[in-house]
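Okay, my_file_12.cif now, which holds mmCIF, C-alpha atoms, pLDDT in the B column; chains and numbers go by the auth columns:
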data_final
loop_
_atom_site.group_PDB
_atom_site.id
_atom_site.type_symbol
_atom_site.label_atom_id
_atom_site.label_comp_id
_atom_site.label_asym_id
_atom_site.label_seq_id
_atom_site.Cartn_x
_atom_site.Cartn_y
_atom_site.Cartn_z
_atom_site.B_iso_or_equiv
_atom_site.auth_seq_id
_atom_site.auth_asym_id
ATOM 1 C CA MET A 1 -128.810 65.291 128.128 89.00 19 A
ATOM 2 C CA ASN A 2 -131.532 67.275 126.384 97.00 20 A
ATOM 3 C CA HIS A 3 -132.250 67.384 122.676 98.00 21 A
ATOM 4 C CA TRP A 4 -133.207 70.301 120.472 98.00 22 A
ATOM 5 C CA LEU A 5 -133.936 71.413 116.950 98.00 23 A
ATOM 6 C CA VAL A 6 -132.433 74.561 115.435 98.00 24 A
ATOM 7 C CA LYS A 7 -133.561 76.013 112.120 97.00 25 A
ATOM 8 C CA SER A 8 -131.573 77.812 109.487 97.00 26 A
ATOM 9 C CA GLU A 9 -132.344 78.884 105.951 95.00 27 A
ATOM 10 C CA PRO A 10 -129.827 77.033 103.774 95.00 28 A
ATOM 11 C CA VAL A 11 -129.239 80.111 101.597 93.00 29 A
ATOM 12 C CA LYS A 12 -128.133 82.033 104.717 94.00 30 A
ATOM 13 C CA TRP A 13 -126.389 79.272 106.717 96.00 31 A
ATOM 14 C CA GLY A 14 -126.723 75.713 105.487 97.00 32 A
ATOM 15 C CA TRP A 15 -125.375 72.397 106.704 98.00 33 A
ATOM 16 C CA GLU A 16 -122.447 72.565 104.248 97.00 34 A
ATOM 17 C CA GLN A 17 -121.359 75.895 105.768 97.00 35 A
ATOM 18 C CA MET A 18 -121.804 74.484 109.275 98.00 36 A
ATOM 19 C CA VAL A 19 -119.558 71.518 108.452 98.00 37 A
ATOM 20 C CA LYS A 20 -116.939 73.754 106.844 97.00 38 A
ATOM 21 C CA ALA A 21 -116.913 76.139 109.835 97.00 39 A
ATOM 22 C CA LYS A 22 -116.924 73.203 112.304 96.00 40 A
ATOM 23 C CA ARG A 23 -118.024 75.557 115.110 98.00 41 A
ATOM 24 C CA THR A 24 -120.042 78.786 115.239 97.00 42 A
ATOM 25 C CA HIS A 25 -122.359 80.831 117.407 96.00 43 A
ATOM 26 C CA TRP A 26 -126.130 80.484 117.018 96.00 44 A
ATOM 27 C CA ASP A 27 -127.212 84.105 117.077 94.00 45 A
ATOM 28 C CA GLY A 28 -130.005 86.344 115.839 93.00 46 A
ATOM 29 C CA VAL A 29 -132.791 84.683 117.829 95.00 47 A
ATOM 30 C CA ARG A 30 -135.361 87.349 118.759 95.00 48 A
ATOM 31 C CA ASN A 31 -138.346 85.266 119.834 95.00 49 A
ATOM 32 C CA TYR A 32 -138.722 84.909 123.619 95.00 50 A
ATOM 33 C CA ALA A 33 -139.794 81.249 123.538 96.00 51 A
ATOM 34 C CA ALA A 34 -136.876 80.338 121.266 97.00 52 A
ATOM 35 C CA SER A 35 -134.544 82.411 123.445 97.00 53 A
ATOM 36 C CA ASN A 36 -135.705 80.539 126.544 97.00 54 A
ATOM 37 C CA ASN A 37 -134.859 77.295 124.743 98.00 55 A
ATOM 38 C CA LEU A 38 -131.352 78.616 124.043 98.00 56 A
ATOM 39 C CA LYS A 39 -131.014 79.466 127.749 98.00 57 A
ATOM 40 C CA ALA A 40 -131.960 75.889 128.662 98.00 58 A
ATOM 41 C CA MET A 41 -129.274 74.320 126.460 98.00 59 A
ATOM 42 C CA LYS A 42 -126.355 72.714 128.302 98.00 60 A
ATOM 43 C CA LEU A 43 -122.881 71.637 127.199 98.00 61 A
ATOM 44 C CA GLY A 44 -123.073 68.340 125.377 98.00 62 A
ATOM 45 C CA ASP A 45 -126.745 68.653 124.414 98.00 63 A
ATOM 46 C CA GLU A 46 -127.407 67.858 120.775 98.00 64 A
ATOM 47 C CA ALA A 47 -129.690 69.554 118.270 98.00 65 A
ATOM 48 C CA PHE A 48 -131.050 68.585 114.904 98.00 66 A
ATOM 49 C CA PHE A 49 -130.000 71.022 112.164 98.00 67 A
ATOM 50 C CA TYR A 50 -133.105 71.784 110.111 98.00 68 A
ATOM 51 C CA HIS A 51 -133.141 73.498 106.727 98.00 69 A
ATOM 52 C CA SER A 52 -136.113 75.871 106.782 96.00 70 A
ATOM 53 C CA ASN A 53 -137.845 77.586 103.853 92.00 71 A
ATOM 54 C CA GLU A 54 -135.887 75.528 101.298 91.00 72 A
ATOM 55 C CA GLY A 55 -135.554 71.799 101.741 92.00 73 A
ATOM 56 C CA LEU A 56 -137.721 71.579 104.869 97.00 74 A
ATOM 57 C CA GLU A 57 -135.669 68.720 106.263 98.00 75 A
ATOM 58 C CA ILE A 58 -133.390 67.710 109.098 98.00 76 A
ATOM 59 C CA VAL A 59 -129.957 67.215 107.577 98.00 77 A
ATOM 60 C CA GLY A 60 -127.531 66.956 110.478 98.00 78 A
ATOM 61 C CA ILE A 61 -126.794 67.111 114.190 98.00 79 A
ATOM 62 C CA VAL A 62 -124.866 69.788 116.083 98.00 80 A
ATOM 63 C CA GLU A 63 -123.557 69.713 119.645 98.00 81 A
ATOM 64 C CA ILE A 64 -123.841 72.591 122.115 98.00 82 A
ATOM 65 C CA VAL A 65 -120.256 73.568 122.958 98.00 83 A
ATOM 66 C CA ARG A 66 -120.856 76.863 124.800 98.00 84 A
ATOM 67 C CA GLU A 67 -123.880 77.715 126.899 98.00 85 A
ATOM 68 C CA TYR A 68 -125.991 80.858 126.621 98.00 86 A
ATOM 69 C CA TYR A 69 -124.199 84.217 126.586 98.00 87 A
ATOM 70 C CA PRO A 70 -125.081 87.744 125.352 97.00 88 A
ATOM 71 C CA ASP A 71 -125.621 88.240 121.627 96.00 89 A
ATOM 72 C CA PRO A 72 -123.616 91.341 120.648 95.00 90 A
ATOM 73 C CA SER A 73 -125.871 91.912 117.621 92.00 91 A
ATOM 74 C CA ASP A 74 -128.802 92.592 119.982 95.00 92 A
ATOM 75 C CA GLU A 75 -128.733 96.283 120.869 93.00 93 A
ATOM 76 C CA SER A 76 -131.476 95.805 123.482 94.00 94 A
ATOM 77 C CA GLY A 77 -129.307 93.405 125.509 92.00 95 A
ATOM 78 C CA ARG A 78 -132.257 91.038 126.006 95.00 96 A
ATOM 79 C CA PHE A 79 -131.178 88.157 123.798 97.00 97 A
ATOM 80 C CA GLY A 80 -128.263 85.759 123.734 97.00 98 A
ATOM 81 C CA MET A 81 -126.769 82.879 121.823 98.00 99 A
ATOM 82 C CA VAL A 82 -124.996 79.553 122.197 98.00 100 A
ATOM 83 C CA ASP A 83 -122.088 78.022 120.309 98.00 101 A
ATOM 84 C CA VAL A 84 -122.613 74.862 118.277 98.00 102 A
ATOM 85 C CA GLN A 85 -120.277 72.414 116.615 98.00 103 A
ATOM 86 C CA ALA A 86 -121.079 70.159 113.664 98.00 104 A
ATOM 87 C CA SER A 87 -121.387 66.617 114.987 98.00 105 A
ATOM 88 C CA ARG A 88 -122.634 64.394 112.183 98.00 106 A
ATOM 89 C CA PRO A 89 -124.889 64.410 109.126 98.00 107 A
ATOM 90 C CA LEU A 90 -127.993 62.299 108.852 98.00 108 A
ATOM 91 C CA LYS A 91 -127.423 59.481 106.373 98.00 109 A
ATOM 92 C CA THR A 92 -130.868 60.221 104.974 98.00 110 A
ATOM 93 C CA PRO A 93 -132.404 63.690 105.457 98.00 111 A
ATOM 94 C CA VAL A 94 -135.756 63.567 107.249 98.00 112 A
ATOM 95 C CA THR A 95 -138.339 65.790 105.601 98.00 113 A
ATOM 96 C CA LEU A 96 -141.101 67.740 107.280 98.00 114 A
ATOM 97 C CA LYS A 97 -143.579 65.768 105.183 97.00 115 A
ATOM 98 C CA GLN A 98 -142.174 62.498 106.588 98.00 116 A
ATOM 99 C CA MET A 99 -142.348 63.802 110.155 98.00 117 A
ATOM 100 C CA LYS A 100 -145.958 64.947 109.734 97.00 118 A
ATOM 101 C CA ALA A 101 -146.853 61.438 108.498 98.00 119 A
ATOM 102 C CA GLU A 102 -145.400 59.754 111.601 97.00 120 A
ATOM 103 C CA PRO A 103 -147.933 59.328 114.449 97.00 121 A
ATOM 104 C CA ALA A 104 -145.025 59.053 116.919 97.00 122 A
ATOM 105 C CA LEU A 105 -144.032 62.636 116.007 98.00 123 A
ATOM 106 C CA SER A 106 -147.472 64.255 116.247 97.00 124 A
ATOM 107 C CA ASP A 107 -146.429 66.279 119.310 97.00 125 A
ATOM 108 C CA LEU A 108 -143.114 67.449 117.807 98.00 126 A
ATOM 109 C CA VAL A 109 -142.810 71.196 118.401 97.00 127 A
ATOM 110 C CA LEU A 110 -141.634 71.668 114.798 97.00 128 A
ATOM 111 C CA ILE A 111 -145.056 70.439 113.690 96.00 129 A
ATOM 112 C CA ARG A 112 -147.159 72.142 116.382 94.00 130 A
ATOM 113 C CA GLN A 113 -145.304 75.492 116.411 93.00 131 A
ATOM 114 C CA GLY A 114 -143.689 75.601 112.991 88.00 132 A
ATOM 115 C CA ARG A 115 -142.358 79.152 113.259 89.00 133 A
ATOM 116 C CA LEU A 116 -140.289 78.522 116.411 93.00 134 A
ATOM 117 C CA SER A 117 -136.606 78.619 115.409 95.00 135 A
ATOM 118 C CA VAL A 118 -135.199 76.794 118.453 98.00 136 A
ATOM 119 C CA ALA A 119 -137.316 74.002 119.913 98.00 137 A
ATOM 120 C CA PRO A 120 -137.041 71.088 122.341 98.00 138 A
ATOM 121 C CA VAL A 121 -137.202 67.502 121.090 98.00 139 A
ATOM 122 C CA SER A 122 -138.248 64.695 123.458 98.00 140 A
ATOM 123 C CA ASP A 123 -136.057 61.611 123.900 97.00 141 A
ATOM 124 C CA ALA A 124 -138.612 59.448 122.085 98.00 142 A
ATOM 125 C CA GLU A 125 -138.854 61.932 119.202 98.00 143 A
ATOM 126 C CA TRP A 126 -135.046 62.153 119.025 98.00 144 A
ATOM 127 C CA LYS A 127 -134.670 58.377 118.771 98.00 145 A
ATOM 128 C CA HIS A 128 -137.433 58.111 116.181 98.00 146 A
ATOM 129 C CA ILE A 129 -135.982 60.846 113.947 98.00 147 A
ATOM 130 C CA CYS A 130 -132.473 59.407 114.283 98.00 148 A
ATOM 131 C CA LYS A 131 -133.830 56.039 113.146 97.00 149 A
ATOM 132 C CA LEU A 132 -135.533 57.666 110.150 98.00 150 A
ATOM 133 C CA GLY A 133 -132.283 59.483 109.346 98.00 151 A
ATOM 134 C CA GLY A 134 -130.127 56.363 109.656 98.00 152 A
ATOM 135 C CA VAL A 135 -127.956 57.559 112.555 98.00 153 A
ATOM 136 C CA ASP A 136 -127.247 56.323 116.065 94.00 154 A
ATOM 137 C CA PRO A 137 -129.135 58.413 118.655 93.00 155 A
ATOM 138 C CA LYS A 138 -126.141 57.986 121.046 82.00 156 A
#
So, in terms of structure tokens, how does the structure I just supplied come out?
Amino acid sequence: MNHWLVKSEPVKWGWEQMVKAKRTHWDGVRNYAASNNLKAMKLGDEAFFYHSNEGLEIVGIVEIVREYYPDPSDESGRFGMVDVQASRPLKTPVTLKQMKAEPALSDLVLIRQGRLSVAPVSDAEWKHICKLGGVDPK
């Protein structure tokens, strides 16, 4: 299983909306690197749900429940999306400031390439962030 991080502005689509919806598509990605990360996602992979712009914190975990398929909102036909399902909240949100202060997370893509909206997370990073957030890494 691989691990990921997906970003959303809470005013547009926050964790509360994700939980209420239970399942949704992750669309609107128009960056090629982020799109390639969506393509690499497999059923059962998990992703941290990160509030960008406001909050700047990981607040929950979603599971990939449908692999990459065309995004109908992309008129060019070049980009796609995946479906995600709310899995569980973090007991304690993990802030960007906290992550930047952790030497074990110095290579985290969120820190190195902050504008990337869909990013991989290594197994070690996943376990470390789960520990900080008070949840079982599974």
* Between A:Ala137, A:Leu74, A:Leu56, A:Ile147, single out the one closest to Asp101 in chain A, counting only C-alpha atoms. =>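 The answer is A:Leu56, which sits nearest to Asp101 in chain A.
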* Asked: Just so the selection is clear, what residues does the PyMOL selection byres ((chain A and resi 102) around 7) cover here, as JSON, numbers by chain?
  -> {"A": [41, 42, 43, 44, 80, 81, 82, 83, 100, 101, 103, 104]}
* Counting all atoms listed in the file, which of A:Lys118, A:Lys145, A:Arg133, A:His69 gets nearest to Gly32 in chain A? ->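 That would be A:His69, the residue with the smallest distance to Gly32 in chain A.
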With 4 Å on each side, where is the centre of the axis-aligned box around all listed atoms of range 43-60 of chain A, and how long are its edges in Å to one decimal, as lines of an AutoDock Vina configuration file?
center_x = -131.1
center_y = 80.0
center_z = 122.3
size_x = 25.4
size_y = 22.6
size_z = 20.8
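Taking all atoms listed in the file into account, Lys38 in chain A lies nearest to A:Ser105 out of the set A:Gly95, A:Pro88, A:Asn71, A:Ser105.
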* Asked: Looking at all atoms listed in the file, which of A:Lys60, A:Arg48, A:Lys25, A:Lys115 is the one that sits closest to Arg96 in chain A?
  ->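 Answer, going by the shortest atom-to-atom distance: A:Arg48.
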* May I have the residues within 9 Å of Asn49 in chain A as a list in words, using only C-alpha atoms and disregarding those fewer than 5 positions away in the same chain? =>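 Using only C-alpha atoms, the neighbours found are Asn54, Phe97, Leu134 and Ser135 of chain A.
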* To do: Name the residues that the PyMOL selection byres ((chain A and resi 148-151) around 10) pulls out of this structure, and write them as a list in words.
  =>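 Evaluating the PyMOL selection byres ((chain A and resi 148-151) around 10) on these coordinates yields Phe66, Ile76, Val77, Gly78, Ile79, Pro107, Leu108, Lys109, Thr110, Pro111, Val112, Thr113, Gln116, Met117, Ala142, Glu143, Trp144, Lys145, His146, Ile147, Gly152, Val153, Asp154, Pro155 and Lys156 of chain A.
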* Using only C-alpha atoms, which of A:Ala58, A:Leu23, A:Leu128, A:Val29 sits nearest Gly73 in chain A? ->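 With only C-alpha atoms as the atom set, the closest residue is A:Val29.
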* Closest to Gly62 in chain A among A:Glu27, A:Glu85, A:Glu120, A:Asp45, using all atoms listed in the file? ->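 Selected residue with least distance to Gly62 in chain A: A:Glu85.
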Range 129-145 of chain A rebuilt with N, CA and C atoms, output as an mmCIF file, in the frame of the given file:
data_model
loop_
_atom_site.group_PDB
_atom_site.id
_atom_site.type_symbol
_atom_site.label_atom_id
_atom_site.label_comp_id
_atom_site.auth_asym_id
_atom_site.auth_seq_id
_atom_site.Cartn_x
_atom_site.Cartn_y
_atom_site.Cartn_z
ATOM 1 N N ILE A 129 -143.762 70.612 114.349
ATOM 2 C CA ILE A 129 -145.056 70.439 113.690
ATOM 3 C C ILE A 129 -146.124 71.311 114.340
ATOM 4 N N ARG A 130 -146.135 71.369 115.662
ATOM 5 C CA ARG A 130 -147.159 72.142 116.382
ATOM 6 C C ARG A 130 -146.925 73.650 116.356
ATOM 7 N N GLN A 131 -145.667 74.077 116.412
ATOM 8 C CA GLN A 131 -145.304 75.492 116.411
ATOM 9 C C GLN A 131 -144.235 75.711 115.351
ATOM 10 N N GLY A 132 -144.616 75.611 114.114
ATOM 11 C CA GLY A 132 -143.689 75.601 112.991
ATOM 12 C C GLY A 132 -142.791 76.814 112.852
ATOM 13 N N ARG A 133 -143.168 77.947 113.421
ATOM 14 C CA ARG A 133 -142.358 79.152 113.259
ATOM 15 C C ARG A 133 -141.265 79.292 114.318
ATOM 16 N N LEU A 134 -141.284 78.441 115.336
ATOM 17 C CA LEU A 134 -140.289 78.522 116.411
ATOM 18 C C LEU A 134 -138.924 78.052 115.896
ATOM 19 N N SER A 135 -137.907 78.908 116.017
ATOM 20 C CA SER A 135 -136.606 78.619 115.409
ATOM 21 C C SER A 135 -135.683 77.744 116.256
ATOM 22 N N VAL A 136 -135.965 77.649 117.545
ATOM 23 C CA VAL A 136 -135.199 76.794 118.453
ATOM 24 C C VAL A 136 -136.226 76.068 119.314
ATOM 25 N N ALA A 137 -136.250 74.744 119.240
ATOM 26 C CA ALA A 137 -137.316 74.002 119.913
ATOM 27 C C ALA A 137 -136.779 72.743 120.594
ATOM 28 N N PRO A 138 -137.426 72.341 121.697
ATOM 29 C CA PRO A 138 -137.041 71.088 122.341
ATOM 30 C C PRO A 138 -137.535 69.883 121.538
ATOM 31 N N VAL A 139 -136.835 68.776 121.708
ATOM 32 C CA VAL A 139 -137.202 67.502 121.090
ATOM 33 C C VAL A 139 -137.156 66.466 122.209
ATOM 34 N N SER A 140 -138.229 65.706 122.392
ATOM 35 C CA SER A 140 -138.248 64.695 123.458
ATOM 36 C C SER A 140 -137.297 63.551 123.113
ATOM 37 N N ASP A 141 -136.940 62.757 124.127
ATOM 38 C CA ASP A 141 -136.057 61.611 123.900
ATOM 39 C C ASP A 141 -136.660 60.639 122.878
ATOM 40 N N ALA A 142 -137.958 60.377 123.012
ATOM 41 C CA ALA A 142 -138.612 59.448 122.085
ATOM 42 C C ALA A 142 -138.606 60.004 120.659
ATOM 43 N N GLU A 143 -138.878 61.301 120.523
ATOM 44 C CA GLU A 143 -138.854 61.932 119.202
ATOM 45 C C GLU A 143 -137.447 61.893 118.617
ATOM 46 N N TRP A 144 -136.450 62.172 119.463
ATOM 47 C CA TRP A 144 -135.046 62.153 119.025
ATOM 48 C C TRP A 144 -134.692 60.779 118.452
ATOM 49 N N LYS A 145 -134.998 59.736 119.207
ATOM 50 C CA LYS A 145 -134.670 58.377 118.771
ATOM 51 C C LYS A 145 -135.387 58.028 117.471
#
